[in-house]
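Student: If it helps, the file is called run_30.txt and holds compact mmCIF, C-alpha atoms and all ligand atoms:
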```txt
# COMPACT_ATOMS: atom_id res chain seq x y z
CA MET A 170 22.81 -0.28 2.23
CA SER A 171 19.78 -1.16 4.29
CA ASN A 172 17.93 -4.10 2.81
CA GLU A 173 14.28 -4.01 3.90
CA ARG A 174 10.91 -5.57 3.28
CA THR A 175 7.71 -3.53 3.07
CA LEU A 176 4.01 -4.23 2.68
CA VAL A 177 2.17 -2.75 -0.29
CA LEU A 178 -1.51 -2.89 -1.19
CA ILE A 179 -2.79 -2.19 -4.67
CA LYS A 180 -6.18 -1.00 -3.50
CA PRO A 181 -9.53 -2.00 -5.06
CA ASP A 182 -9.52 1.03 -7.38
CA GLY A 183 -6.23 -0.20 -8.86
CA VAL A 184 -7.68 -3.64 -9.54
CA ARG A 185 -10.95 -2.21 -10.91
CA ARG A 186 -9.08 0.15 -13.24
CA GLY A 187 -6.79 -2.56 -14.56
CA LEU A 188 -3.66 -0.87 -13.21
CA VAL A 189 -2.10 -3.80 -11.34
CA GLY A 190 0.47 -4.46 -14.06
CA GLU A 191 1.30 -0.76 -14.49
CA ILE A 192 1.81 -0.29 -10.74
CA LEU A 193 3.77 -3.52 -10.24
CA SER A 194 6.00 -2.65 -13.13
CA ARG A 195 6.93 0.69 -11.56
CA TYR A 196 8.15 -1.06 -8.42
CA GLU A 197 9.98 -3.70 -10.43
CA ARG A 198 11.63 -1.19 -12.76
CA LYS A 199 12.87 0.73 -9.74
CA GLY A 200 14.74 -2.41 -8.71
CA LEU A 201 12.59 -3.72 -5.88
CA SER A 202 12.10 -7.49 -5.69
CA LEU A 203 8.77 -9.20 -5.36
CA VAL A 204 8.76 -11.47 -2.31
CA ALA A 205 5.05 -12.30 -2.00
CA LEU A 206 1.84 -11.45 -3.86
CA GLU A 207 -1.78 -12.36 -3.29
CA GLN A 208 -5.10 -11.07 -4.56
CA ARG A 209 -7.81 -11.11 -1.93
CA THR A 210 -10.85 -9.21 -0.72
CA ALA A 211 -10.56 -7.66 2.74
CA ASP A 212 -13.50 -7.93 5.13
CA GLY A 213 -14.25 -5.31 7.76
CA ASP A 214 -12.19 -7.01 10.45
CA LEU A 215 -9.11 -7.18 8.24
CA ALA A 216 -9.59 -3.52 7.29
CA ASP A 217 -9.83 -2.53 10.97
CA GLU A 218 -6.65 -4.44 11.78
CA HIS A 219 -4.70 -3.00 8.88
CA TYR A 220 -5.90 0.55 9.52
CA ALA A 221 -5.78 0.34 13.34
CA GLU A 222 -4.22 3.83 13.54
CA HIS A 223 -7.18 5.32 11.63
CA VAL A 224 -10.26 3.50 12.97
CA GLU A 225 -11.34 6.39 15.21
CA LYS A 226 -10.90 9.06 12.54
CA ASP A 227 -13.76 10.79 10.72
CA PHE A 228 -12.51 9.57 7.34
CA TYR A 229 -12.39 5.93 8.42
CA PRO A 230 -15.98 4.76 7.62
CA PRO A 231 -15.73 5.66 3.91
CA LEU A 232 -12.14 4.36 3.83
CA ARG A 233 -13.33 1.05 5.31
CA ALA A 234 -16.12 0.83 2.72
CA PHE A 235 -13.64 1.54 -0.06
CA ILE A 236 -10.92 -0.88 1.02
CA THR A 237 -13.47 -3.72 1.37
CA SER A 238 -15.26 -2.86 -1.91
CA GLY A 239 -13.54 -5.47 -4.07
CA PRO A 240 -10.40 -7.46 -4.57
CA LEU A 241 -7.06 -5.87 -3.81
CA VAL A 242 -3.53 -7.12 -4.33
CA ALA A 243 -1.23 -7.43 -1.32
CA LEU A 244 2.49 -7.69 -1.91
CA VAL A 245 5.77 -7.68 -0.09
CA LEU A 246 8.64 -5.88 -1.79
CA GLU A 247 12.28 -6.06 -0.82
CA GLY A 248 15.27 -3.88 -1.58
CA ASP A 249 17.59 -1.15 -0.35
CA SER A 250 15.54 1.32 1.73
CA ALA A 251 12.39 -0.33 0.37
CA ILE A 252 10.05 1.33 2.91
CA GLU A 253 11.05 4.88 1.99
CA VAL A 254 11.46 4.13 -1.72
CA VAL A 255 7.93 2.72 -2.00
CA ARG A 256 6.50 5.80 -0.26
CA LEU A 257 8.39 8.02 -2.74
CA LEU A 258 7.11 6.02 -5.71
CA ASN A 259 3.56 6.14 -4.29
CA GLY A 260 3.62 9.94 -3.86
CA ARG A 261 1.63 12.13 -1.49
CA THR A 262 -1.63 10.76 -0.11
CA ASP A 263 -3.91 13.09 -2.07
CA GLY A 264 -3.71 12.21 -5.76
CA ARG A 265 -4.60 15.80 -6.66
CA LYS A 266 -1.50 17.05 -4.87
CA ALA A 267 0.87 14.14 -5.48
CA GLU A 268 4.01 14.80 -7.48
CA ALA A 269 3.90 14.07 -11.21
CA GLY A 270 6.01 10.97 -11.81
CA SER A 271 4.68 9.20 -8.74
CA ILE A 272 2.00 6.50 -8.94
CA ARG A 273 -0.62 8.71 -7.32
CA GLY A 274 0.59 11.82 -9.12
CA ASP A 275 0.28 10.18 -12.51
CA LEU A 276 -2.73 7.93 -11.99
CA ALA A 277 -4.94 9.11 -9.10
CA LEU A 278 -7.19 12.13 -8.59
CA SER A 279 -8.61 11.39 -5.16
CA ASN A 280 -7.59 11.68 -1.52
CA ARG A 281 -9.18 8.30 -0.75
CA GLU A 282 -9.09 6.24 -3.94
CA ASN A 283 -5.37 6.65 -4.30
CA LEU A 284 -4.42 3.23 -5.69
CA VAL A 285 -1.72 2.13 -3.27
CA HIS A 286 -0.71 1.68 0.34
CA GLY A 287 2.87 1.47 1.56
CA SER A 288 4.07 0.83 5.12
CA ASP A 289 5.28 4.07 6.71
CA SER A 290 8.00 2.72 9.05
CA ALA A 291 9.91 -0.45 9.90
CA GLU A 292 7.48 -1.07 12.77
CA SER A 293 4.44 -0.65 10.50
CA ALA A 294 6.01 -2.90 7.87
CA ALA A 295 6.55 -5.71 10.40
CA ARG A 296 3.04 -5.31 11.81
CA GLU A 297 1.38 -5.20 8.38
CA MET A 298 3.38 -8.11 6.93
CA ALA A 299 2.26 -10.21 9.93
CA ILE A 300 -1.37 -9.32 9.11
CA TRP A 301 -1.29 -10.00 5.37
CA PHE A 302 1.41 -12.69 5.15
CA PRO A 303 1.66 -14.45 8.52
CA GLY A 304 4.46 -16.97 8.26
CA LEU A 305 6.58 -14.79 6.00
CA ASP A 306 9.87 -13.61 7.50
CA PRO A 307 9.59 -9.81 7.83
CA GLN A 308 13.36 -9.52 7.49
CA PRO A 309 15.24 -10.00 4.23
CA THR A 310 17.06 -13.31 4.11
CA ALA A 311 20.45 -11.78 3.31
P1 LIG A 401 -1.45 4.60 2.94
O1 LIG A 401 -1.50 4.36 4.45
O2 LIG A 401 -2.66 4.02 2.23
O3 LIG A 401 -0.13 4.21 2.33
O4 LIG A 401 -1.57 6.15 2.68
P2 LIG A 401 -0.86 7.31 3.44
O5 LIG A 401 0.08 6.76 4.48
O6 LIG A 401 -0.32 8.22 2.40
O7 LIG A 401 -2.10 8.00 4.13
P3 LIG A 401 -2.74 7.79 5.58
O8 LIG A 401 -2.75 9.10 6.26
O9 LIG A 401 -2.11 6.63 6.28
O10 LIG A 401 -4.23 7.44 5.21
C1 LIG A 401 -4.60 6.12 4.87
C2 LIG A 401 -5.55 6.16 3.71
O11 LIG A 401 -6.80 6.70 4.13
C3 LIG A 401 -7.38 7.41 3.05
N1 LIG A 401 -7.58 8.78 3.49
N2 LIG A 401 -8.72 9.41 3.33
N3 LIG A 401 -9.30 12.79 4.58
C4 LIG A 401 -9.57 11.66 3.92
O12 LIG A 401 -10.63 11.46 3.37
C5 LIG A 401 -8.54 10.63 3.88
N4 LIG A 401 -7.30 10.76 4.35
C6 LIG A 401 -6.70 9.58 4.11
C7 LIG A 401 -6.44 7.29 1.87
O13 LIG A 401 -6.85 6.15 1.11
C8 LIG A 401 -5.13 7.04 2.55
O14 LIG A 401 -4.22 6.42 1.67
MG MG A 402 -0.54 5.37 5.94
```
As structure tokens, please, write out the structure in this file.
Ligand code: RTP
Ligand code: MG

Tutor:
Amino acid sequence: MSNERTLVLIKPDGVRRGLVGEILSRYERKGLSLVALEQRTADGDLADEHYAEHVEKDFYPPLRAFITSGPLVALVLEGDSAIEVVRLLNGRTDGRKAEAGSIRGDLALSNRENLVHGSDSAESAAREMAIWFPGLDPQPTA
């Protein structure tokens, strides 16, 4: 058992499409616990910080425009192997290729507007939690 915390974003397409409850419920039904949740709108600086690994890539300008295009919901989830489990529930990046049964596989049809973000490693999770929820302990309490 490896209890972990991970950072999730329900991206602006998820809020616009009214899928926040549907997506949250998938994480909750899996058994992950909600530790923190906040709706906010990212500005360009916050987008650049969050997506530091992608800022030089060709796909970044449209990604930046998308992620700042409206409110999103940031959350921290906790549970056994939470980082990997969230990535499995999210599915492959491209909604057209994502596995049926995953959030993207069932609900997204785009490589960019793919509803959710999940930290991809323990290091990313700690870095991203510090960006979105400074003051929150990145480690589970027990
Ligand atoms: P995320 O970071 O959002 O959890 O997604 P991911 O790990 O599955 O994908 P990543 O490679 O980190 O890409 C971050 C986000 O950038 C958008 N993207 N657009 N070629 C493209 O147009 C392209 N590739 C990626 C997606 O929104 C992706 O989730
Ligand atoms: Mg990623």

Student: Restricting the calculation to all atoms listed in the file, which member of A:Asp275, A:Asp249, A:Glu282, A:Glu268 is positioned closest to Glu191 of chain A?

Tutor: A:Asp275

Student: What residues of the protein or nucleic acid chains come within 12 Å of ligand MG 402 (chain A) when you use only C-alpha atoms and all ligand atoms? Reply as a list in words.

Tutor: Leu176, Val177, Leu178, His219, Tyr220, Ala221, Glu222, His223, Leu232, Ile252, Val255, Arg256, Asn259, Gly260, Arg261, Thr262, Asp263, Arg281, Asn283, Val285, His286, Gly287, Ser288, Asp289, Ser290, Ser293, Ala294 and Glu297 of chain A

Student: May I have the residues within 12 Å of Ala216 of chain A as a list in words, using only C-alpha atoms and disregarding those fewer than 5 positions away in the same chain?

Tutor: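 Within the cut-off, the hits are Leu178, Lys180, Thr210, Ala211, Ala221, Glu222, His223, Val224, Tyr229, Pro230, Pro231, Leu232, Arg233, Ala234, Phe235, Ile236, Thr237, Ser238, Leu241, Glu297, Ile300 and Trp301 of chain A.
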
Student: Keeping only C-alpha atoms, write the selected residues to a file as a PDB file, in the frame of the given file.

Tutor:
```pdb
ATOM      1  CA  LEU A 178      -1.510  -2.890  -1.190  1.00  0.00           C
ATOM      2  CA  LYS A 180      -6.180  -1.000  -3.500  1.00  0.00           C
ATOM      3  CA  THR A 210     -10.850  -9.210  -0.720  1.00  0.00           C
ATOM      4  CA  ALA A 211     -10.560  -7.660   2.740  1.00  0.00           C
ATOM      5  CA  ALA A 221      -5.780   0.340  13.340  1.00  0.00           C
ATOM      6  CA  GLU A 222      -4.220   3.830  13.540  1.00  0.00           C
ATOM      7  CA  HIS A 223      -7.180   5.320  11.630  1.00  0.00           C
ATOM      8  CA  VAL A 224     -10.260   3.500  12.970  1.00  0.00           C
ATOM      9  CA  TYR A 229     -12.390   5.930   8.420  1.00  0.00           C
ATOM     10  CA  PRO A 230     -15.980   4.760   7.620  1.00  0.00           C
ATOM     11  CA  PRO A 231     -15.730   5.660   3.910  1.00  0.00           C
ATOM     12  CA  LEU A 232     -12.140   4.360   3.830  1.00  0.00           C
ATOM     13  CA  ARG A 233     -13.330   1.050   5.310  1.00  0.00           C
ATOM     14  CA  ALA A 234     -16.120   0.830   2.720  1.00  0.00           C
ATOM     15  CA  PHE A 235     -13.640   1.540  -0.060  1.00  0.00           C
ATOM     16  CA  ILE A 236     -10.920  -0.880   1.020  1.00  0.00           C
ATOM     17  CA  THR A 237     -13.470  -3.720   1.370  1.00  0.00           C
ATOM     18  CA  SER A 238     -15.260  -2.860  -1.910  1.00  0.00           C
ATOM     19  CA  LEU A 241      -7.060  -5.870  -3.810  1.00  0.00           C
ATOM     20  CA  GLU A 297       1.380  -5.200   8.380  1.00  0.00           C
ATOM     21  CA  ILE A 300      -1.370  -9.320   9.110  1.00  0.00           C
ATOM     22  CA  TRP A 301      -1.290 -10.000   5.370  1.00  0.00           C
TER      23      TRP A 301
END
```

Student: Have a look at A:Ile179, A:Leu276, A:Leu246, A:Leu305 and name the one nearest to ligand LIG 401 (chain A); count all atoms listed in the file.

Tutor: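 For ligand LIG 401 (chain A), the nearest of the given residues is A:Ile179.
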
Student: Of the candidates A:Pro309, A:Ala291, A:Leu278, A:Leu244, which shows the shortest atom-to-atom distance to Ala205 of chain A, using all atoms listed in the file?

Tutor: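 Of A:Pro309, A:Ala291, A:Leu278, A:Leu244, the one nearest Ala205 of chain A, counting all atoms listed in the file, is A:Leu244.
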
Student: Could you tell me how far atom CA of Arg198 of chain A sits from atom C5 of ligand LIG 401 (chain A), in Å to one decimal place?

Tutor: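 Separation between atom C5 of ligand LIG 401 (chain A) and atom CA of Arg198 of chain A: 28.7 Å.
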
Student: If you count all atoms listed in the file, which residues fall within 7 Å of Pro240 of chain A, apart from same-chain ones fewer than 2 positions away, as a VMD selection string?

Tutor: chain A and resid 181 184 208 to 210 242

Student: Mind pulling up the distance from atom CA of Leu284 of chain A to atom O9 of ligand LIG 401 (chain A)?

Tutor: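 Here the two named atoms are 12.7 Å from each other.
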
Student: Go ahead and fit an axis-aligned box to every listed atom of segment 306-310 of chain A plus 8 Å each side, and pass me the centre and edge lengths in Å, one decimal, as AutoDock Vina command-line options.

Tutor:
```
--center_x 13.3 --center_y -11.6 --center_z 6.0 --size_x 23.5 --size_y 20.1 --size_z 19.7
```

Student: Between atom N2 of ligand LIG 401 (chain A) and atom CA of Arg195 of chain A, what is the spacing in Å?

Tutor: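 Separation of atom CA of Arg195 of chain A and atom N2 of ligand LIG 401 (chain A): 23.3 Å.
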
Student: What's around Asp306 of chain A at 10 Å? Count all atoms listed in the file, leave out sequence neighbours fewer than 4 positions away in its own chain, and write the answer as a PyMOL selection string.

Tutor: chain A and resi 174+295+298-299+302+310

Student: Deliver the residues from the most recent selection as a file, using C-alpha atoms, as a PDB file, in the coordinates of the input.

Tutor:
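Once everything was written out, this is out_37.pdb:
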```
ATOM      1  CA  ARG A 174      10.910  -5.570   3.280  1.00  0.00           C
ATOM      2  CA  ALA A 295       6.550  -5.710  10.400  1.00  0.00           C
ATOM      3  CA  MET A 298       3.380  -8.110   6.930  1.00  0.00           C
ATOM      4  CA  ALA A 299       2.260 -10.210   9.930  1.00  0.00           C
ATOM      5  CA  PHE A 302       1.410 -12.690   5.150  1.00  0.00           C
ATOM      6  CA  THR A 310      17.060 -13.310   4.110  1.00  0.00           C
TER       7      THR A 310
END
```

Student: Pick the closest to Tyr196 of chain A from A:Leu215, A:Val254, A:Ser279, A:Gly304: which is it, counting all atoms listed in the file?

Tutor: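 Nearest candidate to Tyr196 of chain A out of A:Leu215, A:Val254, A:Ser279, A:Gly304: A:Val254.
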
Student: Using all atoms listed in the file, which protein or nucleic acid residues come within 8 Å of Ser202 of chain A? Drop anything in the same chain fewer than 5 positions from it, and give the result as a compact mmCIF listing (two decimals) with C-alpha atoms, in the frame of the given file.

Tutor:
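Okay, this is what ended up in out.txt:
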```txt
# COMPACT_ATOMS: atom_id res chain seq x y z
CA GLU A 197 9.98 -3.70 -10.43
CA LEU A 246 8.64 -5.88 -1.79
CA GLU A 247 12.28 -6.06 -0.82
CA GLY A 248 15.27 -3.88 -1.58
```

Student: Quick one: of A:Arg185, A:Lys199, A:Arg296, A:Arg273, who's nearest to ligand LIG 401 (chain A), counting only C-alpha atoms and all ligand atoms?

Tutor: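 Counting only C-alpha atoms and all ligand atoms, the residue closest to ligand LIG 401 (chain A) is A:Arg273.
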
Student: Here is a test: counting all atoms listed in the file, which residue of A:Ile192, A:Phe228, A:Thr175, A:Leu257 is nearest to Asn280 of chain A?

Tutor: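 The closest residue to Asn280 of chain A is A:Phe228.
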
Student: Pop segment 251-271 of chain A out of the structure in the block and write C-alpha atoms as a PDB file, in the first residue's frame.

Tutor:
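See decode_31.pdb below for the written result:
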```
ATOM      1  CA  ALA A 251      -3.370   7.651  -6.488  1.00  0.00           C
ATOM      2  CA  ILE A 252      -0.957   9.060  -9.109  1.00  0.00           C
ATOM      3  CA  GLU A 253      -1.055   5.970 -11.329  1.00  0.00           C
ATOM      4  CA  VAL A 254      -4.730   5.244 -10.671  1.00  0.00           C
ATOM      5  CA  VAL A 255      -5.794   8.742 -11.763  1.00  0.00           C
ATOM      6  CA  ARG A 256      -3.755   8.420 -14.969  1.00  0.00           C
ATOM      7  CA  LEU A 257      -5.478   5.078 -15.677  1.00  0.00           C
ATOM      8  CA  LEU A 258      -8.924   6.564 -15.048  1.00  0.00           C
ATOM      9  CA  ASN A 259      -8.047   9.566 -17.259  1.00  0.00           C
ATOM     10  CA  GLY A 260      -6.936   7.363 -20.181  1.00  0.00           C
ATOM     11  CA  ARG A 261      -4.528   8.149 -23.010  1.00  0.00           C
ATOM     12  CA  THR A 262      -3.924  11.795 -23.870  1.00  0.00           C
ATOM     13  CA  ASP A 263      -5.755  11.729 -27.216  1.00  0.00           C
ATOM     14  CA  GLY A 264      -9.472  11.252 -26.587  1.00  0.00           C
ATOM     15  CA  ARG A 265      -9.825   9.604 -30.004  1.00  0.00           C
ATOM     16  CA  LYS A 266      -7.398   6.872 -28.979  1.00  0.00           C
ATOM     17  CA  ALA A 267      -8.162   6.631 -25.265  1.00  0.00           C
ATOM     18  CA  GLU A 268      -9.514   3.354 -23.941  1.00  0.00           C
ATOM     19  CA  ALA A 269     -13.291   3.018 -23.624  1.00  0.00           C
ATOM     20  CA  GLY A 270     -14.117   3.088 -19.926  1.00  0.00           C
ATOM     21  CA  SER A 271     -11.653   5.869 -19.201  1.00  0.00           C
TER      22      SER A 271
END
```
